[in-house]
>>> print(open('start.pdb').read())   # PDB, C-alpha atoms
ATOM      1  CA  MET A   1      24.664 -90.730 -36.036
ATOM      2  CA  LYS A   2      27.814 -92.835 -35.632
ATOM      3  CA  VAL A   3      31.176 -91.273 -36.397
ATOM      4  CA  LEU A   4      33.730 -94.033 -36.892
ATOM      5  CA  ASP A   5      37.495 -93.913 -37.225
ATOM      6  CA  LEU A   6      38.421 -95.988 -40.272
ATOM      7  CA  ARG A   7      41.633 -97.070 -42.012
ATOM      8  CA  CYS A   8      42.387 -98.640 -45.385
ATOM      9  CA  THR A   9      45.017-101.323 -46.052
ATOM     10  CA  HIS A  10      47.447 -98.577 -47.148
ATOM     11  CA  GLY A  11      47.285 -96.956 -43.694
ATOM     12  CA  HIS A  12      45.208 -93.900 -44.625
ATOM     13  CA  GLY A  13      43.038 -92.907 -41.672
ATOM     14  CA  PHE A  14      39.716 -91.122 -42.090
ATOM     15  CA  GLU A  15      36.296 -90.630 -40.499
ATOM     16  CA  GLY A  16      33.060 -92.163 -41.681
ATOM     17  CA  TRP A  17      29.587 -91.018 -40.655
ATOM     18  CA  PHE A  18      26.817 -93.603 -40.587
ATOM     19  CA  ALA A  19      23.240 -93.769 -39.358
ATOM     20  CA  SER A  20      24.076 -96.837 -37.235
ATOM     21  CA  SER A  21      26.635 -99.582 -36.764
ATOM     22  CA  GLU A  22      24.452-101.842 -38.895
ATOM     23  CA  ASP A  23      24.430 -99.217 -41.656
ATOM     24  CA  PHE A  24      28.245 -99.192 -41.608
ATOM     25  CA  GLU A  25      28.427-102.994 -41.772
ATOM     26  CA  THR A  26      25.939-103.124 -44.667
ATOM     27  CA  GLN A  27      27.784-100.461 -46.669
ATOM     28  CA  LEU A  28      31.149-102.101 -45.930
ATOM     29  CA  ALA A  29      29.899-105.514 -47.103
ATOM     30  CA  SER A  30      28.552-103.910 -50.299
ATOM     31  CA  GLY A  31      31.897-102.231 -51.067
ATOM     32  CA  LEU A  32      30.416 -98.754 -50.677
ATOM     33  CA  VAL A  33      32.898 -97.571 -48.039
ATOM     34  CA  GLU A  34      36.136 -96.458 -49.668
ATOM     35  CA  CYS A  35      39.241 -94.557 -48.673
ATOM     36  CA  PRO A  36      38.965 -90.922 -49.796
ATOM     37  CA  VAL A  37      42.700 -90.856 -50.524
ATOM     38  CA  CYS A  38      43.322 -94.000 -52.574
ATOM     39  CA  GLY A  39      39.857 -95.498 -53.210
ATOM     40  CA  ASP A  40      40.663 -98.772 -51.383
ATOM     41  CA  THR A  41      37.524-100.620 -50.233
ATOM     42  CA  ALA A  42      39.330-102.922 -47.770
ATOM     43  CA  ILE A  43      38.435-100.817 -44.741
ATOM     44  CA  VAL A  44      38.747-101.622 -41.037
ATOM     45  CA  LYS A  45      37.068 -99.868 -38.154
ATOM     46  CA  LEU A  46      39.456 -98.603 -35.479
ATOM     47  CA  LEU A  47      38.777 -98.389 -31.793
ATOM     48  CA  SER A  48      37.542 -94.967 -30.789
ATOM     49  CA  ALA A  49      36.439 -93.264 -27.624
ATOM     50  CA  PRO A  50      32.778 -92.340 -27.314
ATOM     51  CA  ARG A  51      31.865 -88.687 -27.587
ATOM     52  CA  LEU A  52      30.139 -87.323 -24.524
ATOM     53  CA  ASN A  53      27.831 -84.394 -25.094
ATOM     54  CA  LEU A  54      28.271 -82.270 -22.003
ATOM     55  CA  GLY A  55      26.373 -79.174 -23.040
ATOM     56  CA  ASN A  56      26.784 -77.370 -19.717
ATOM     57  CA  ALA A  57      30.469 -78.133 -19.294
ATOM     58  CA  ARG A  58      32.832 -75.183 -19.516
ATOM     59  CA  ALA A  59      36.162 -75.269 -21.278
ATOM     60  CA  PRO A  60      39.293 -74.446 -19.290
ATOM     61  CA  LYS A  61      40.429 -70.828 -19.596
ATOM     62  CA  GLU A  62      43.560 -71.827 -21.540
ATOM     63  CA  ALA A  63      41.520 -73.689 -24.146
ATOM     64  CA  ALA A  64      39.091 -70.800 -24.464
ATOM     65  CA  ALA A  65      41.964 -68.453 -25.293
ATOM     66  CA  VAL A  66      43.327 -70.739 -28.034
ATOM     67  CA  ALA A  67      40.022 -71.715 -29.658
ATOM     68  CA  PRO A  68      39.287 -68.369 -31.405
ATOM     69  CA  VAL A  69      42.696 -68.400 -33.117
ATOM     70  CA  ALA A  70      42.169 -71.926 -34.492
ATOM     71  CA  ALA A  71      38.638 -71.088 -35.591
ATOM     72  CA  ALA A  72      39.761 -67.899 -37.299
ATOM     73  CA  SER A  73      42.438 -69.620 -39.364
ATOM     74  CA  ASN A  74      40.096 -72.508 -40.254
ATOM     75  CA  VAL A  75      43.175 -74.728 -40.785
ATOM     76  CA  PRO A  76      44.192 -77.558 -38.453
ATOM     77  CA  ALA A  77      47.458 -76.933 -36.619
ATOM     78  CA  ASP A  78      49.075 -80.146 -37.889
ATOM     79  CA  PRO A  79      47.078 -81.676 -40.760
ATOM     80  CA  SER A  80      47.744 -85.300 -41.590
ATOM     81  CA  PRO A  81      49.740 -86.176 -44.722
ATOM     82  CA  GLU A  82      46.488 -87.408 -46.274
ATOM     83  CA  ALA A  83      44.776 -84.074 -45.591
ATOM     84  CA  ARG A  84      47.703 -82.142 -47.094
ATOM     85  CA  TRP A  85      47.682 -84.411 -50.166
ATOM     86  CA  MET A  86      43.912 -84.010 -50.633
ATOM     87  CA  ARG A  87      44.291 -80.225 -50.348
ATOM     88  CA  ALA A  88      47.045 -80.285 -52.993
ATOM     89  CA  VAL A  89      44.924 -82.417 -55.363
ATOM     90  CA  ARG A  90      41.958 -80.057 -54.899
ATOM     91  CA  GLU A  91      44.203 -77.130 -55.790
ATOM     92  CA  VAL A  92      45.444 -78.886 -58.934
ATOM     93  CA  LEU A  93      41.844 -79.614 -59.936
ATOM     94  CA  ALA A  94      40.865 -75.993 -59.354
ATOM     95  CA  LYS A  95      43.790 -74.526 -61.326
ATOM     96  CA  THR A  96      43.857 -76.833 -64.359
ATOM     97  CA  GLU A  97      41.618 -77.466 -67.335
ATOM     98  CA  ASP A  98      40.298 -81.012 -67.823
ATOM     99  CA  VAL A  99      40.962 -81.887 -71.470
ATOM    100  CA  GLY A 100      40.003 -85.545 -71.012
ATOM    101  CA  GLU A 101      41.254 -87.964 -73.636
ATOM    102  CA  ARG A 102      42.737 -85.091 -75.689
ATOM    103  CA  PHE A 103      45.525 -84.747 -73.104
ATOM    104  CA  ALA A 104      48.406 -86.011 -75.288
ATOM    105  CA  ASP A 105      47.350 -83.845 -78.250
ATOM    106  CA  GLU A 106      46.917 -80.721 -76.100
ATOM    107  CA  ALA A 107      50.276 -81.271 -74.361
ATOM    108  CA  ARG A 108      52.009 -81.543 -77.753
ATOM    109  CA  LYS A 109      50.298 -78.388 -79.088
ATOM    110  CA  MET A 110      51.508 -76.420 -76.069
ATOM    111  CA  HIS A 111      55.016 -77.899 -76.237
ATOM    112  CA  TYR A 112      55.425 -76.997 -79.907
ATOM    113  CA  GLY A 113      53.926 -73.511 -79.508
ATOM    114  CA  GLU A 114      50.716 -74.165 -81.455
ATOM    115  CA  THR A 115      48.577 -73.080 -78.495
ATOM    116  CA  PRO A 116      49.277 -70.958 -75.394
ATOM    117  CA  GLU A 117      50.628 -72.797 -72.364
ATOM    118  CA  ARG A 118      48.169 -73.465 -69.551
ATOM    119  CA  GLY A 119      47.657 -76.013 -66.812
ATOM    120  CA  ILE A 120      45.885 -79.097 -68.155
ATOM    121  CA  ARG A 121      44.928 -82.528 -66.887
ATOM    122  CA  GLY A 122      43.327 -85.514 -68.538
ATOM    123  CA  GLN A 123      43.795 -89.155 -69.435
ATOM    124  CA  ALA A 124      46.635 -90.712 -71.387
ATOM    125  CA  THR A 125      47.515 -94.333 -72.032
ATOM    126  CA  PRO A 126      50.899 -95.610 -70.836
ATOM    127  CA  GLU A 127      52.040 -95.590 -74.479
ATOM    128  CA  GLN A 128      50.975 -91.953 -74.953
ATOM    129  CA  THR A 129      52.711 -90.978 -71.713
ATOM    130  CA  GLU A 130      55.936 -92.691 -72.772
ATOM    131  CA  ALA A 131      55.809 -90.990 -76.196
ATOM    132  CA  LEU A 132      55.320 -87.568 -74.567
ATOM    133  CA  LEU A 133      58.285 -88.159 -72.264
ATOM    134  CA  ASP A 134      60.426 -89.312 -75.227
ATOM    135  CA  GLU A 135      59.609 -86.003 -76.958
ATOM    136  CA  GLY A 136      60.770 -84.084 -73.886
ATOM    137  CA  ILE A 137      57.260 -83.115 -72.803
ATOM    138  CA  PRO A 138      57.015 -83.310 -69.000
ATOM    139  CA  VAL A 139      53.970 -85.228 -67.729
ATOM    140  CA  MET A 140      53.108 -86.674 -64.365
ATOM    141  CA  ALA A 141      50.482 -89.188 -63.285
ATOM    142  CA  LEU A 142      48.129 -87.879 -60.610
ATOM    143  CA  PRO A 143      45.695 -90.421 -59.213
ATOM    144  CA  ILE A 144      42.519 -88.593 -58.213
ATOM    145  CA  PRO A 145      40.387 -90.217 -55.498
ATOM    146  CA  ALA A 146      36.780 -90.880 -56.465
ATOM    147  CA  ALA A 147      35.647 -88.608 -53.627
ATOM    148  CA  LEU A 148      37.161 -85.607 -55.453
ATOM    149  CA  LYS A 149      35.728 -86.481 -58.855
ATOM    150  CA  GLU A 150      32.182 -85.691 -57.755
ATOM    151  CA  THR A 151      30.628 -82.620 -56.221
ATOM    152  CA  LEU A 152      30.508 -82.936 -52.450
ATOM    153  CA  GLN A 153      27.190 -82.054 -50.857
TER     154      GLN A 153
END
>>> encode(input="start.pdb", output="structure tokens")
Amino acid sequence: MKVLDLRCTHGHGFEGWFASSEDFETQLASGLVECPVCGDTAIVKLLSAPRLNLGNARAPKEAAAVAPVAAASNVPADPSPEARWMRAVREVLAKTEDVGERFADEARKMHYGETPERGIRGQATPEQTEALLDEGIPVMALPIPAALKETLQ
């Protein structure tokens, strides 16, 4: 298994796991490797240090004392901006109802009191978005990376 450090043209860094270097090159040439943040398929492989599996090596005492705290919190000490953004998008997806192409209609119904207010998300054309804003209905575009649109295995 090859774990590669990758970056898109927008500067988003991420890891990719591949069976081999050839597997990475094949998937890259086919446009199958994409940035999990923005969906860009113009990906470059960064230089990375090899991982050495030293099963019998012992961690220094200082590291051993810190490791349980990090493991218990299950949150990186300083997550990247991309990781924080992905976490925020996941939270929005979890706490809103997907109304699909009915978004503009549902937003209007809530705004005018025809239906209870709730968190919704969906699709709206630029014209529909402009009309909602003209009516004083707050809307915001939220690009969702393809990686979050499917169930992760």
>>> residues_around(input="start.pdb", residues="Met86 of chain A", least_positions_apart="3", cutoff="10 Å", atoms="only C-alpha atoms", output="mmCIF file with C-alpha atoms, in the coordinates of the input")
data_model
loop_
_atom_site.group_PDB
_atom_site.id
_atom_site.type_symbol
_atom_site.label_atom_id
_atom_site.label_comp_id
_atom_site.auth_asym_id
_atom_site.auth_seq_id
_atom_site.Cartn_x
_atom_site.Cartn_y
_atom_site.Cartn_z
ATOM 1 C CA PRO A 36 38.965 -90.922 -49.796
ATOM 2 C CA VAL A 37 42.700 -90.856 -50.524
ATOM 3 C CA SER A 80 47.744 -85.300 -41.590
ATOM 4 C CA PRO A 81 49.740 -86.176 -44.722
ATOM 5 C CA GLU A 82 46.488 -87.408 -46.274
ATOM 6 C CA ALA A 83 44.776 -84.074 -45.591
ATOM 7 C CA VAL A 89 44.924 -82.417 -55.363
ATOM 8 C CA ARG A 90 41.958 -80.057 -54.899
ATOM 9 C CA GLU A 91 44.203 -77.130 -55.790
ATOM 10 C CA VAL A 92 45.444 -78.886 -58.934
ATOM 11 C CA ILE A 144 42.519 -88.593 -58.213
ATOM 12 C CA PRO A 145 40.387 -90.217 -55.498
ATOM 13 C CA ALA A 147 35.647 -88.608 -53.627
ATOM 14 C CA LEU A 148 37.161 -85.607 -55.453
#
>>> atom_distance(input="start.pdb", atom1="atom CA of Thr26 of chain A", atom2="atom CA of Gly11 of chain A")
22.2 Å
>>> resolve_selection(input="start.pdb", expression="the PyMOL selection byres ((chain A and resi 38-43) around 7)", output="ChimeraX atom specification")
/A:6-9,31,33-37,44-45,145-146
>>> residues_around(input="start.pdb", residues="Glu117 of chain A", least_positions_apart="5", cutoff="12 Å", atoms="only C-alpha atoms", output="list in words")
Thr96, Glu97, Glu106, Ala107, Arg108, Lys109, Met110, His111 and Tyr112 of chain A
>>> atom_distance(input="start.pdb", atom1="atom CA of Arg118 of chain A", atom2="atom CA of Ala88 of chain A")
17.9 Å
>>> residues_around(input="start.pdb", residues="Arg121 of chain A", least_positions_apart="4", cutoff="10 Å", atoms="all atoms listed in the file", output="number ranges by chain")
A: 92-93, 95-104, 106-107, 139-142
>>> closest_residue(input="start.pdb", among="A:Asp105, A:Pro143, A:Glu22, A:Gly113", to="Gln128 of chain A", atoms="only C-alpha atoms")
A:Asp105
>>> axis_aligned_box(input="start.pdb", around="segment 124-136 of chain A", padding_each_side="5 Å", output="JSON")
{"center_x": 53.7, "center_y": -89.8, "center_z": -73.9, "size_x": 24.1, "size_y": 21.5, "size_z": 16.1}
>>> closest_residue(input="start.pdb", among="A:Ile137, A:Leu47, A:Ala94, A:Ala124", to="Val3 of chain A", atoms="all atoms listed in the file")
A:Leu47
>>> closest_residue(input="start.pdb", among="A:Thr115, A:Ser48, A:Ser30, A:Thr129", to="Lys2 of chain A", atoms="only C-alpha atoms")
A:Ser48
>>> atom_distance(input="start.pdb", atom1="atom CA of Trp85 of chain A", atom2="atom CA of Gly119 of chain A")
18.6 Å
